[in-house]
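Colleague: Input file: upload_14.cif. Contents: mmCIF, C-alpha atoms.
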```
data_target
#
loop_
_atom_site.label_atom_id
_atom_site.label_comp_id
_atom_site.auth_asym_id
_atom_site.auth_seq_id
_atom_site.Cartn_x
_atom_site.Cartn_y
_atom_site.Cartn_z
CA MET A 275 -120.02 48.32 -174.39
CA PRO A 276 -123.42 46.75 -175.14
CA MET A 277 -126.19 47.24 -172.65
CA THR A 278 -126.43 44.49 -170.07
CA LEU A 279 -129.79 42.73 -170.08
CA THR A 280 -131.30 41.27 -166.97
CA ALA A 281 -130.83 37.55 -166.49
CA THR A 282 -134.23 37.21 -164.86
CA PRO A 283 -136.46 35.47 -167.41
CA PRO A 284 -139.67 37.16 -168.53
CA THR A 285 -142.56 34.86 -167.73
CA SER A 286 -146.11 34.46 -168.89
CA THR A 287 -147.23 35.72 -165.48
CA THR A 288 -146.09 39.18 -166.59
CA THR A 289 -147.16 38.82 -170.22
CA ARG A 290 -150.81 38.57 -171.15
CA PHE A 291 -151.66 35.69 -173.51
CA PRO A 292 -152.89 35.08 -176.14
CA LEU A 293 -150.92 37.81 -177.85
CA THR A 294 -152.04 40.11 -180.60
CA TRP A 295 -148.52 39.83 -182.02
CA THR A 296 -147.72 39.81 -185.71
CA GLU A 297 -144.63 39.92 -187.89
CA ALA A 298 -144.99 43.70 -187.88
CA ASP A 299 -144.13 43.62 -184.16
CA ALA A 300 -140.81 41.85 -184.76
CA PRO A 301 -137.74 44.06 -184.40
CA ASP A 302 -135.28 44.93 -187.10
CA LEU A 303 -132.66 42.16 -187.22
CA SER A 304 -130.03 43.90 -189.31
CA GLY A 305 -126.58 42.73 -188.27
CA ARG A 306 -127.91 39.59 -186.54
CA THR A 307 -126.78 36.11 -187.53
CA VAL A 308 -129.17 33.18 -187.28
CA VAL A 309 -128.69 29.47 -187.92
CA VAL A 310 -131.84 27.49 -188.77
CA THR A 311 -131.59 23.73 -189.07
CA GLY A 312 -134.03 21.72 -191.16
CA ALA A 313 -135.04 24.85 -193.05
CA THR A 314 -135.64 23.35 -196.48
CA SER A 315 -139.43 23.05 -196.19
CA GLY A 316 -142.44 23.74 -194.01
CA PRO A 317 -142.21 26.03 -190.97
CA GLY A 318 -138.41 26.08 -191.05
CA LEU A 319 -138.38 27.47 -194.59
CA LEU A 320 -141.04 30.06 -193.80
CA LEU A 321 -139.22 31.13 -190.64
CA THR A 322 -136.00 31.55 -192.60
CA GLY A 323 -137.75 33.82 -195.08
CA HIS A 324 -139.22 35.97 -192.31
CA LEU A 325 -135.90 36.31 -190.47
CA ALA A 326 -134.03 37.28 -193.63
CA ALA A 327 -136.74 39.79 -194.57
CA LEU A 328 -136.26 41.39 -191.15
CA GLY A 329 -132.60 41.93 -191.99
CA ALA A 330 -130.90 38.92 -190.42
CA HIS A 331 -128.16 36.92 -192.10
CA VAL A 332 -129.63 33.41 -192.03
CA VAL A 333 -127.66 30.21 -192.44
CA VAL A 334 -129.77 27.39 -193.87
CA ALA A 335 -128.15 24.34 -192.28
CA ALA A 336 -129.33 21.14 -193.94
CA ARG A 337 -128.24 17.59 -194.66
CA ASP A 338 -129.11 17.87 -198.34
CA GLU A 339 -127.23 20.87 -199.77
CA ALA A 340 -129.00 20.61 -203.12
CA LYS A 341 -132.39 20.77 -201.42
CA ALA A 342 -131.22 23.67 -199.26
CA THR A 343 -129.99 25.53 -202.35
CA ALA A 344 -133.37 24.97 -203.99
CA ALA A 345 -135.10 26.24 -200.84
CA ARG A 346 -132.94 29.37 -200.94
CA ALA A 347 -133.87 29.90 -204.58
CA GLU A 348 -137.55 29.53 -203.68
CA LEU A 349 -137.28 32.23 -201.03
CA LEU A 350 -135.48 34.54 -203.44
CA ALA A 351 -138.12 33.93 -206.11
CA ARG A 352 -140.87 34.83 -203.65
CA ALA A 353 -139.04 38.00 -202.66
CA THR A 354 -138.39 39.11 -206.23
CA GLY A 355 -141.96 40.24 -206.65
CA THR A 356 -141.63 42.47 -203.60
CA GLY A 357 -138.46 44.12 -204.86
CA THR A 358 -136.30 42.72 -202.04
CA GLY A 359 -134.83 39.71 -203.84
CA THR A 360 -131.44 41.30 -204.48
CA ASP A 361 -131.00 42.35 -200.85
CA LEU A 362 -132.16 38.96 -199.61
CA ALA A 363 -129.63 37.07 -201.74
CA GLY A 364 -126.74 38.30 -199.64
CA ARG A 365 -128.46 37.32 -196.40
CA LEU A 366 -129.20 33.67 -197.16
CA GLU A 367 -126.33 31.20 -196.81
CA VAL A 368 -126.39 27.42 -197.27
CA ARG A 369 -124.19 25.13 -195.19
CA ARG A 370 -124.24 21.37 -194.83
CA LEU A 371 -125.27 19.86 -191.50
CA ASP A 372 -126.64 16.39 -190.78
CA LEU A 373 -128.06 16.48 -187.25
CA ALA A 374 -128.19 12.69 -187.10
CA ASP A 375 -124.43 12.46 -187.58
CA GLN A 376 -122.32 13.64 -184.65
CA ASP A 377 -119.27 13.99 -186.91
CA SER A 378 -121.19 16.38 -189.15
CA VAL A 379 -122.34 18.38 -186.12
CA ARG A 380 -118.77 18.65 -184.85
CA ARG A 381 -117.44 19.77 -188.26
CA PHE A 382 -120.14 22.40 -188.62
CA ALA A 383 -119.51 23.82 -185.15
CA ASP A 384 -115.71 23.67 -185.43
CA ASP A 385 -115.80 25.48 -188.77
CA TRP A 386 -118.06 28.13 -187.26
CA LEU A 387 -115.92 28.68 -184.17
CA ASP A 388 -112.71 28.76 -186.23
CA THR A 389 -113.99 31.89 -187.98
CA GLY A 390 -114.63 33.65 -184.66
CA ARG A 391 -118.10 34.46 -185.93
CA PRO A 392 -120.67 35.28 -183.22
CA LEU A 393 -124.15 33.75 -183.36
CA ASP A 394 -127.29 35.54 -182.21
CA VAL A 395 -129.99 32.92 -182.67
CA LEU A 396 -129.89 29.14 -183.13
CA VAL A 397 -133.15 27.54 -184.22
CA ASN A 398 -133.20 23.77 -183.68
CA HIS A 399 -135.81 22.69 -186.20
CA THR A 400 -136.03 19.20 -187.66
CA GLY A 401 -138.06 18.97 -190.83
CA VAL A 402 -138.70 15.21 -190.84
CA ALA A 403 -141.39 14.05 -188.44
CA HIS A 404 -141.23 10.34 -189.20
CA GLN A 405 -138.11 8.48 -190.21
CA PRO A 406 -137.50 4.84 -191.12
CA ASP A 407 -136.09 2.54 -188.47
CA ARG A 408 -132.38 2.86 -188.95
CA LEU A 409 -129.24 3.73 -187.04
CA SER A 410 -127.17 6.89 -187.21
CA PRO A 411 -123.47 6.68 -188.19
CA GLN A 412 -122.72 6.48 -184.45
CA GLY A 413 -125.18 3.62 -183.95
CA HIS A 414 -128.05 5.56 -182.36
CA GLU A 415 -131.71 5.19 -183.28
CA SER A 416 -132.42 7.72 -186.04
CA ARG A 417 -135.14 9.74 -184.29
CA LEU A 418 -133.14 9.95 -181.09
CA ALA A 419 -130.08 11.02 -183.09
CA THR A 420 -131.91 13.64 -185.16
CA HIS A 421 -134.33 15.18 -182.67
CA VAL A 422 -132.39 14.94 -179.41
CA LEU A 423 -128.69 14.18 -179.71
CA GLY A 424 -128.11 16.42 -182.74
CA PRO A 425 -129.62 19.58 -181.20
CA PHE A 426 -127.96 18.82 -177.84
CA ALA A 427 -124.50 18.53 -179.40
CA LEU A 428 -124.92 21.40 -181.86
CA THR A 429 -126.10 23.81 -179.16
CA GLY A 430 -123.35 22.81 -176.76
CA ARG A 431 -120.66 23.20 -179.39
CA LEU A 432 -121.99 26.55 -180.60
CA LEU A 433 -122.53 27.98 -177.13
CA PRO A 434 -119.27 30.01 -177.25
CA ALA A 435 -120.49 31.72 -180.42
CA LEU A 436 -123.86 32.47 -178.81
CA ARG A 437 -122.10 33.91 -175.78
CA ALA A 438 -120.05 36.11 -178.09
CA SER A 439 -123.25 37.74 -179.39
CA GLU A 440 -123.55 41.43 -178.64
CA ALA A 441 -127.25 41.48 -179.51
CA THR A 442 -129.41 43.66 -177.28
CA GLY A 443 -133.17 43.85 -177.15
CA PRO A 444 -133.91 40.27 -178.14
CA GLY A 445 -130.66 38.87 -176.77
CA PRO A 446 -128.95 35.67 -177.92
CA ARG A 447 -131.16 32.63 -177.75
CA VAL A 448 -131.74 29.04 -178.69
CA VAL A 449 -135.20 28.22 -180.04
CA THR A 450 -136.14 24.57 -180.12
CA VAL A 451 -139.11 23.65 -182.28
CA GLY A 452 -141.28 21.17 -180.43
CA SER A 453 -144.76 19.72 -180.79
CA THR A 454 -147.82 19.54 -178.55
CA LEU A 455 -147.86 15.83 -179.37
CA TYR A 456 -145.09 15.39 -176.78
CA ARG A 457 -147.92 15.20 -174.23
CA ARG A 458 -149.11 11.91 -175.73
CA VAL A 459 -146.33 9.80 -174.25
CA PRO A 460 -144.67 9.76 -170.81
CA GLY A 461 -141.34 10.43 -172.50
CA ASP A 462 -139.29 9.79 -169.37
CA ASP A 463 -138.13 6.27 -170.23
CA LEU A 464 -134.56 6.60 -171.45
CA ASP A 465 -134.34 2.90 -172.35
CA ALA A 466 -137.42 3.26 -174.57
CA LEU A 467 -135.89 6.37 -176.12
CA ARG A 468 -132.96 4.27 -177.30
CA GLY A 469 -135.16 1.55 -178.77
CA THR A 470 -136.18 0.52 -182.24
CA GLY A 471 -138.74 -1.94 -183.48
CA PRO A 472 -141.39 -2.58 -186.12
CA HIS A 473 -144.16 0.03 -186.28
CA ALA A 474 -142.41 2.04 -183.56
CA GLY A 475 -141.80 5.08 -185.74
CA GLY A 476 -144.67 7.27 -184.50
CA ILE A 477 -144.10 6.46 -180.83
CA ALA A 478 -140.35 6.93 -181.20
CA TYR A 479 -140.96 10.34 -182.72
CA LEU A 480 -143.23 11.38 -179.84
CA ARG A 481 -140.70 10.16 -177.28
CA ALA A 482 -138.01 12.17 -179.04
CA LYS A 483 -140.20 15.29 -179.04
CA ALA A 484 -140.91 14.85 -175.33
CA ALA A 485 -137.19 14.44 -174.65
CA VAL A 486 -136.03 17.42 -176.70
CA THR A 487 -138.65 19.60 -175.02
CA ALA A 488 -137.43 18.50 -171.60
CA TRP A 489 -133.84 19.15 -172.67
CA ALA A 490 -134.64 22.66 -173.92
CA ARG A 491 -136.29 23.53 -170.61
CA GLU A 492 -133.30 22.17 -168.70
CA LEU A 493 -130.97 24.18 -170.92
CA ASP A 494 -132.66 27.41 -169.87
CA ARG A 495 -132.51 26.40 -166.20
CA ARG A 496 -128.78 25.79 -166.56
CA LEU A 497 -128.18 28.97 -168.54
CA VAL A 498 -130.17 31.25 -166.28
CA GLY A 499 -131.52 29.45 -163.23
CA ASP A 500 -134.30 30.61 -160.95
CA ALA A 501 -132.14 33.30 -159.35
CA GLY A 502 -130.66 34.63 -162.58
CA THR A 503 -127.41 32.67 -162.59
CA GLY A 504 -127.15 29.23 -164.09
CA THR A 505 -124.52 26.53 -163.91
CA ILE A 506 -123.43 27.00 -167.53
CA GLY A 507 -124.35 30.63 -168.04
CA GLY A 508 -125.55 33.52 -165.97
CA THR A 509 -124.53 37.10 -166.48
CA THR A 510 -121.24 37.65 -168.27
CA ASP A 511 -118.39 39.91 -167.24
CA SER A 512 -118.38 41.39 -170.74
CA GLY A 513 -121.76 43.05 -170.30
CA ARG A 514 -123.33 40.84 -172.94
CA ALA A 515 -126.82 39.47 -172.59
CA VAL A 516 -127.47 36.00 -171.21
CA VAL A 517 -128.24 33.23 -173.68
CA ARG A 518 -131.82 31.99 -173.32
CA SER A 519 -133.54 28.76 -174.37
CA LEU A 520 -137.16 28.80 -175.58
CA VAL A 521 -139.53 26.20 -177.02
CA ALA A 522 -142.14 26.92 -179.68
CA HIS A 523 -144.29 24.84 -182.02
CA PRO A 524 -146.18 25.54 -185.26
CA GLY A 525 -149.25 23.40 -184.51
CA THR A 526 -150.59 21.27 -187.34
CA ALA A 527 -149.69 23.48 -190.25
CA SER A 528 -151.03 23.11 -193.75
CA THR A 529 -147.47 22.30 -194.82
CA PRO A 530 -146.77 19.22 -192.66
CA PRO A 531 -143.26 17.82 -192.34
CA GLN A 532 -142.26 14.92 -194.50
CA ALA A 533 -143.41 11.47 -193.40
CA SER A 534 -141.59 8.32 -194.46
CA SER A 535 -144.43 5.84 -193.95
CA ARG A 536 -147.53 5.84 -196.17
CA VAL A 537 -149.72 5.19 -193.13
CA LEU A 538 -148.09 7.97 -191.12
CA ALA A 539 -148.26 10.29 -194.12
CA LEU A 540 -152.00 9.61 -194.38
CA VAL A 541 -152.50 10.30 -190.67
CA THR A 542 -150.53 13.53 -191.01
CA ARG A 543 -152.65 14.64 -193.97
CA LEU A 544 -155.86 13.85 -192.09
CA LEU A 545 -154.70 15.84 -189.07
CA ALA A 546 -153.71 18.73 -191.30
CA ALA A 547 -157.08 18.62 -193.06
CA ARG A 548 -159.03 18.67 -189.79
CA HIS A 549 -156.85 20.79 -187.53
CA GLY A 550 -154.48 22.45 -189.97
CA ARG A 551 -153.94 26.15 -190.07
CA PRO A 552 -152.42 28.43 -192.70
CA ALA A 553 -148.67 28.11 -192.69
CA ASP A 554 -148.21 31.79 -191.82
CA GLN A 555 -150.14 31.21 -188.59
CA GLY A 556 -148.03 28.20 -187.71
CA VAL A 557 -144.75 30.05 -188.16
CA LEU A 558 -145.78 33.04 -186.04
CA PRO A 559 -144.97 31.47 -182.60
CA LEU A 560 -141.54 30.44 -183.93
CA LEU A 561 -140.86 33.97 -185.13
CA TYR A 562 -142.03 35.39 -181.80
CA ALA A 563 -139.74 33.06 -179.85
CA ALA A 564 -136.77 33.93 -182.07
CA THR A 565 -137.18 37.70 -182.06
CA ASP A 566 -139.16 39.09 -179.15
CA ALA A 567 -137.31 40.15 -175.99
CA GLY A 568 -140.36 39.40 -173.85
CA ALA A 569 -140.95 35.85 -175.08
CA PRO A 570 -141.19 33.59 -172.00
CA ALA A 571 -138.94 30.58 -171.60
CA ASP A 572 -141.14 28.92 -168.99
CA ARG A 573 -144.01 28.16 -171.38
CA LEU A 574 -144.54 26.30 -174.64
CA LEU A 575 -145.30 28.90 -177.30
CA GLY A 576 -147.67 27.98 -180.09
CA PRO A 577 -150.84 28.80 -182.00
CA GLY A 578 -154.29 28.34 -180.54
CA ARG A 579 -157.16 26.53 -182.13
CA THR A 580 -157.66 26.34 -185.86
CA HIS A 581 -158.05 29.79 -187.45
CA ASP A 582 -156.76 31.50 -184.30
CA ASP A 583 -153.79 33.55 -185.47
CA ARG A 584 -152.62 34.57 -182.00
CA VAL A 585 -149.62 33.27 -180.08
CA HIS A 586 -150.55 31.23 -177.01
CA ALA A 587 -148.43 30.03 -174.09
CA THR A 588 -149.13 26.80 -172.21
CA ARG A 589 -147.51 25.16 -169.22
CA PHE A 590 -145.10 22.30 -169.79
CA VAL A 591 -146.39 18.93 -168.64
CA ARG A 592 -145.21 15.37 -168.09
CA ALA A 593 -141.52 14.79 -168.84
CA ALA A 594 -140.96 18.40 -169.91
CA ALA A 595 -142.08 19.60 -166.48
CA ASP A 596 -139.91 17.17 -164.52
CA PRO A 597 -136.47 18.63 -163.60
CA ALA A 598 -135.31 15.28 -162.19
CA PHE A 599 -135.93 13.57 -165.52
CA ALA A 600 -134.31 16.48 -167.37
CA ARG A 601 -131.14 16.03 -165.34
CA ARG A 602 -131.05 12.32 -166.16
CA LEU A 603 -131.68 13.12 -169.82
CA TRP A 604 -128.86 15.65 -169.80
CA ALA A 605 -126.39 13.08 -168.47
CA PHE A 606 -127.75 10.55 -171.00
CA ALA A 607 -127.11 12.97 -173.89
CA GLU A 608 -123.64 13.82 -172.60
CA ASP A 609 -122.73 10.14 -172.51
CA LEU A 610 -123.98 9.47 -176.04
CA THR A 611 -122.51 12.59 -177.67
CA GLY A 612 -119.41 13.24 -175.59
CA VAL A 613 -120.38 16.93 -175.49
CA ARG A 614 -119.99 18.76 -172.18
CA TYR A 615 -121.42 22.25 -171.85
CA LEU A 616 -118.99 24.74 -170.31
#
```
Go ahead and render the structure in this file as structure tokens.
Modeller:
Amino acid sequence: MPMTLTATPPTSTTTRFPLTWTEADAPDLSGRTVVVTGATSGPGLLLTGHLAALGAHVVVAARDEAKATAARAELLARATGTGTGTDLAGRLEVRRLDLADQDSVRRFADDWLDTGRPLDVLVNHTGVAHQPDRLSPQGHESRLATHVLGPFALTGRLLPALRASEATGPGPRVVTVGSTLYRRVPGDDLDALRGTGPHAGGIAYLRAKAAVTAWARELDRRLVGDAGTGTIGGTTDSGRAVVRSLVAHPGTASTPPQASSRVLALVTRLLAARHGRPADQGVLPLLYAATDAGAPADRLLGPGRTHDDRVHATRFVRAAADPAFARRLWAFAEDLTGVRYL
């Protein structure tokens, strides 16, 4: 029987930050299965390459299968020069998933659960920062559907597979990729989160990032709780480790996510030019959150200032630090997705 891990979360009060942590400190992930959404470009693609190189079987879950297949080929081409391309080929799998479409989320999760396949790590990463004003197939505003409702439903539906993980050391976990920009808006207005309107794209994106960060924090509270037992998790009678929920961000990387508006694309490029960091620095906090047993769930993990290649941990603020709002958000997401965590 696998070793039982403590349900008490490691915190940044017992871990000294910033960390001198590199990819070399990540554990061997042979035998682990990881799903990464939005992994066709930017930090998601880099993270996928790192995880596979560490031995994990990584599922590239993306709306555009052709783009995902091309991303897989890119990773294999990079690895060929290192002599690991052949091994990597068997550890990279492409599957279709459109986070904005609840039907697609349900099909992906149902297909996964039907195989009885356990899941060790789920990385909720969305590669598109700014989307046009449109509605999802279920009639929800696109940014809300992609950044909040999709990860909420996918995680809830895949929770049985995460609980079936027998991973020790870095136990099963959900890593949600956030952004420090969530601090720029209050984020706790659920009516505004639903809304659309001209020139609302950037604000809608920030509201969605604030909401998904608050949801990820609430998920960990419900999985673990302050006393080590949560309302939808806690220690298991099988001796398996408790599922954890962490939030990390890549900062303003030199490979920014795709922007749909020319104005927003220009702003993104200017931010990247002034505050951008090498992509390998931006992906490091994501890799740490996904692989390190001591990564804290009570802090936002990310890079420091430009050219600082260490992992930092900062306190959650505003909506992400408000449990009352998180509970309202949880009920809001349940109503819109029909997904109930068990």
Colleague: CA of Leu574 in chain A and CA of Lys483 in chain A are how many Å apart?
Modeller: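 These two atoms are separated by 12.6 Å.
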Colleague: I'd like the residues picked by the PyMOL selection byres ((chain A and resi 366) around 12) written out as a PyMOL selection string, using the chain letters and numbers from the file.
Modeller: chain A and resi 307-310+313+319+322-327+329-335+342-350+359-365+367-369
Colleague: What would the file look like if the residues just selected were written as a PDB file, in the frame of the given file with C-alpha atoms?
Modeller:
```pdb
ATOM      1  CA  THR A 307    -126.780  36.110-187.530  1.00  0.00           C
ATOM      2  CA  VAL A 308    -129.170  33.180-187.280  1.00  0.00           C
ATOM      3  CA  VAL A 309    -128.690  29.470-187.920  1.00  0.00           C
ATOM      4  CA  VAL A 310    -131.840  27.490-188.770  1.00  0.00           C
ATOM      5  CA  ALA A 313    -135.040  24.850-193.050  1.00  0.00           C
ATOM      6  CA  LEU A 319    -138.380  27.470-194.590  1.00  0.00           C
ATOM      7  CA  THR A 322    -136.000  31.550-192.600  1.00  0.00           C
ATOM      8  CA  GLY A 323    -137.750  33.820-195.080  1.00  0.00           C
ATOM      9  CA  HIS A 324    -139.220  35.970-192.310  1.00  0.00           C
ATOM     10  CA  LEU A 325    -135.900  36.310-190.470  1.00  0.00           C
ATOM     11  CA  ALA A 326    -134.030  37.280-193.630  1.00  0.00           C
ATOM     12  CA  ALA A 327    -136.740  39.790-194.570  1.00  0.00           C
ATOM     13  CA  GLY A 329    -132.600  41.930-191.990  1.00  0.00           C
ATOM     14  CA  ALA A 330    -130.900  38.920-190.420  1.00  0.00           C
ATOM     15  CA  HIS A 331    -128.160  36.920-192.100  1.00  0.00           C
ATOM     16  CA  VAL A 332    -129.630  33.410-192.030  1.00  0.00           C
ATOM     17  CA  VAL A 333    -127.660  30.210-192.440  1.00  0.00           C
ATOM     18  CA  VAL A 334    -129.770  27.390-193.870  1.00  0.00           C
ATOM     19  CA  ALA A 335    -128.150  24.340-192.280  1.00  0.00           C
ATOM     20  CA  ALA A 342    -131.220  23.670-199.260  1.00  0.00           C
ATOM     21  CA  THR A 343    -129.990  25.530-202.350  1.00  0.00           C
ATOM     22  CA  ALA A 344    -133.370  24.970-203.990  1.00  0.00           C
ATOM     23  CA  ALA A 345    -135.100  26.240-200.840  1.00  0.00           C
ATOM     24  CA  ARG A 346    -132.940  29.370-200.940  1.00  0.00           C
ATOM     25  CA  ALA A 347    -133.870  29.900-204.580  1.00  0.00           C
ATOM     26  CA  GLU A 348    -137.550  29.530-203.680  1.00  0.00           C
ATOM     27  CA  LEU A 349    -137.280  32.230-201.030  1.00  0.00           C
ATOM     28  CA  LEU A 350    -135.480  34.540-203.440  1.00  0.00           C
ATOM     29  CA  GLY A 359    -134.830  39.710-203.840  1.00  0.00           C
ATOM     30  CA  THR A 360    -131.440  41.300-204.480  1.00  0.00           C
ATOM     31  CA  ASP A 361    -131.000  42.350-200.850  1.00  0.00           C
ATOM     32  CA  LEU A 362    -132.160  38.960-199.610  1.00  0.00           C
ATOM     33  CA  ALA A 363    -129.630  37.070-201.740  1.00  0.00           C
ATOM     34  CA  GLY A 364    -126.740  38.300-199.640  1.00  0.00           C
ATOM     35  CA  ARG A 365    -128.460  37.320-196.400  1.00  0.00           C
ATOM     36  CA  GLU A 367    -126.330  31.200-196.810  1.00  0.00           C
ATOM     37  CA  VAL A 368    -126.390  27.420-197.270  1.00  0.00           C
ATOM     38  CA  ARG A 369    -124.190  25.130-195.190  1.00  0.00           C
TER      39      ARG A 369
END
```
Colleague: Step by step, gather every atom of range 601-606 of chain A that the file lists, find the box along x, y and z that holds them, add 5 Å on each side, and finally give centre and edge lengths in Å to one decimal, as JSON.
Modeller:
```
{"center_x": -129.0, "center_y": 13.3, "center_z": -168.2, "size_x": 15.3, "size_y": 15.5, "size_z": 15.7}
```
Colleague: Hey, what's within 10 Å of range 560-573 of chain A if we count all atoms listed in the file and toss same-chain stuff fewer than 6 positions away? As a PDB file with C-alpha atoms, in the frame of the given file, please?
Modeller:
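Writing done, so here's around_13.pdb:
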```
ATOM      1  CA  LEU A 279    -129.790  42.730-170.080  1.00  0.00           C
ATOM      2  CA  PRO A 283    -136.460  35.470-167.410  1.00  0.00           C
ATOM      3  CA  PRO A 284    -139.670  37.160-168.530  1.00  0.00           C
ATOM      4  CA  THR A 285    -142.560  34.860-167.730  1.00  0.00           C
ATOM      5  CA  SER A 286    -146.110  34.460-168.890  1.00  0.00           C
ATOM      6  CA  THR A 287    -147.230  35.720-165.480  1.00  0.00           C
ATOM      7  CA  THR A 288    -146.090  39.180-166.590  1.00  0.00           C
ATOM      8  CA  THR A 289    -147.160  38.820-170.220  1.00  0.00           C
ATOM      9  CA  TRP A 295    -148.520  39.830-182.020  1.00  0.00           C
ATOM     10  CA  THR A 296    -147.720  39.810-185.710  1.00  0.00           C
ATOM     11  CA  GLU A 297    -144.630  39.920-187.890  1.00  0.00           C
ATOM     12  CA  ASP A 299    -144.130  43.620-184.160  1.00  0.00           C
ATOM     13  CA  ALA A 300    -140.810  41.850-184.760  1.00  0.00           C
ATOM     14  CA  PRO A 301    -137.740  44.060-184.400  1.00  0.00           C
ATOM     15  CA  ASP A 302    -135.280  44.930-187.100  1.00  0.00           C
ATOM     16  CA  LEU A 303    -132.660  42.160-187.220  1.00  0.00           C
ATOM     17  CA  VAL A 308    -129.170  33.180-187.280  1.00  0.00           C
ATOM     18  CA  PRO A 317    -142.210  26.030-190.970  1.00  0.00           C
ATOM     19  CA  GLY A 318    -138.410  26.080-191.050  1.00  0.00           C
ATOM     20  CA  LEU A 320    -141.040  30.060-193.800  1.00  0.00           C
ATOM     21  CA  LEU A 321    -139.220  31.130-190.640  1.00  0.00           C
ATOM     22  CA  THR A 322    -136.000  31.550-192.600  1.00  0.00           C
ATOM     23  CA  HIS A 324    -139.220  35.970-192.310  1.00  0.00           C
ATOM     24  CA  LEU A 325    -135.900  36.310-190.470  1.00  0.00           C
ATOM     25  CA  LEU A 328    -136.260  41.390-191.150  1.00  0.00           C
ATOM     26  CA  ASP A 394    -127.290  35.540-182.210  1.00  0.00           C
ATOM     27  CA  VAL A 395    -129.990  32.920-182.670  1.00  0.00           C
ATOM     28  CA  LEU A 396    -129.890  29.140-183.130  1.00  0.00           C
ATOM     29  CA  VAL A 397    -133.150  27.540-184.220  1.00  0.00           C
ATOM     30  CA  HIS A 399    -135.810  22.690-186.200  1.00  0.00           C
ATOM     31  CA  THR A 442    -129.410  43.660-177.280  1.00  0.00           C
ATOM     32  CA  GLY A 443    -133.170  43.850-177.150  1.00  0.00           C
ATOM     33  CA  PRO A 444    -133.910  40.270-178.140  1.00  0.00           C
ATOM     34  CA  GLY A 445    -130.660  38.870-176.770  1.00  0.00           C
ATOM     35  CA  PRO A 446    -128.950  35.670-177.920  1.00  0.00           C
ATOM     36  CA  ARG A 447    -131.160  32.630-177.750  1.00  0.00           C
ATOM     37  CA  VAL A 448    -131.740  29.040-178.690  1.00  0.00           C
ATOM     38  CA  VAL A 449    -135.200  28.220-180.040  1.00  0.00           C
ATOM     39  CA  THR A 450    -136.140  24.570-180.120  1.00  0.00           C
ATOM     40  CA  VAL A 451    -139.110  23.650-182.280  1.00  0.00           C
ATOM     41  CA  GLY A 452    -141.280  21.170-180.430  1.00  0.00           C
ATOM     42  CA  ALA A 490    -134.640  22.660-173.920  1.00  0.00           C
ATOM     43  CA  ARG A 491    -136.290  23.530-170.610  1.00  0.00           C
ATOM     44  CA  ASP A 494    -132.660  27.410-169.870  1.00  0.00           C
ATOM     45  CA  ARG A 495    -132.510  26.400-166.200  1.00  0.00           C
ATOM     46  CA  ARG A 518    -131.820  31.990-173.320  1.00  0.00           C
ATOM     47  CA  SER A 519    -133.540  28.760-174.370  1.00  0.00           C
ATOM     48  CA  LEU A 520    -137.160  28.800-175.580  1.00  0.00           C
ATOM     49  CA  VAL A 521    -139.530  26.200-177.020  1.00  0.00           C
ATOM     50  CA  ALA A 522    -142.140  26.920-179.680  1.00  0.00           C
ATOM     51  CA  HIS A 523    -144.290  24.840-182.020  1.00  0.00           C
ATOM     52  CA  PRO A 524    -146.180  25.540-185.260  1.00  0.00           C
ATOM     53  CA  VAL A 585    -149.620  33.270-180.080  1.00  0.00           C
ATOM     54  CA  HIS A 586    -150.550  31.230-177.010  1.00  0.00           C
ATOM     55  CA  ALA A 587    -148.430  30.030-174.090  1.00  0.00           C
ATOM     56  CA  THR A 588    -149.130  26.800-172.210  1.00  0.00           C
ATOM     57  CA  ARG A 589    -147.510  25.160-169.220  1.00  0.00           C
ATOM     58  CA  PHE A 590    -145.100  22.300-169.790  1.00  0.00           C
ATOM     59  CA  VAL A 591    -146.390  18.930-168.640  1.00  0.00           C
ATOM     60  CA  ALA A 595    -142.080  19.600-166.480  1.00  0.00           C
TER      61      ALA A 595
END
```
Colleague: When you count only C-alpha atoms, which of these residues is closest to Ser410 in chain A: A:Val379, A:Ala374, A:Val486, A:Leu433?
Modeller: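 Selected residue with least distance to Ser410 in chain A: A:Ala374.
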Colleague: Do you have the CA of Thr611 in chain A-CA of Gly424 in chain A distance handy?
Modeller: 8.5 Å
Colleague: When you draw a straight line from CA of Ala482 in chain A to CA of Arg614 in chain A, how long is it in Å?
Modeller: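 Straight-line distance from CA of Ala482 in chain A to CA of Arg614 in chain A works out to 20.4 Å.
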Colleague: Nearest to Ala427 in chain A: which of A:Ala466, A:Leu603, A:Leu558, A:Ala383 is it, counting only C-alpha atoms?
Modeller: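 With only C-alpha atoms as the atom set, the closest residue is A:Ala383.
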Colleague: Nearest to Ala484 in chain A among A:Val422, A:Gly430, A:Arg437, A:Arg584, with distances taken over all atoms listed in the file: which residue is it?
Modeller: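 Looking at the shortest contact to Ala484 in chain A, the residue is A:Val422.
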Colleague: Going by the chain IDs and residue numbers used in this file, which residues fall under the PyMOL selection byres ((chain A and resi 606) around 12)? Write them as number ranges by chain.
Modeller: A: 418, 422-423, 426, 462-465, 467-468, 485, 489, 599-605, 607-614
Colleague: Using only C-alpha atoms, pick whichever of A:Ala593, A:Ala351, A:Val517, A:Leu428 has the shortest atom-to-atom distance to Asp377 in chain A.
Modeller: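 Of all the options, A:Leu428 lies closest to Asp377 in chain A.
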Colleague: Which is closest to Leu455 in chain A among A:Ala594, A:Asp407, A:Arg306, A:Glu415, if we use only C-alpha atoms?
Modeller: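 Ranking A:Ala594, A:Asp407, A:Arg306, A:Glu415 by distance to Leu455 in chain A, first place goes to A:Ala594.
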Colleague: Please write as a ChimeraX atom specification the full residue list that the PyMOL selection byres ((chain A and resi 409) around 12) yields on this file.
Modeller: /A:374-375,405-408,410-420,468-471
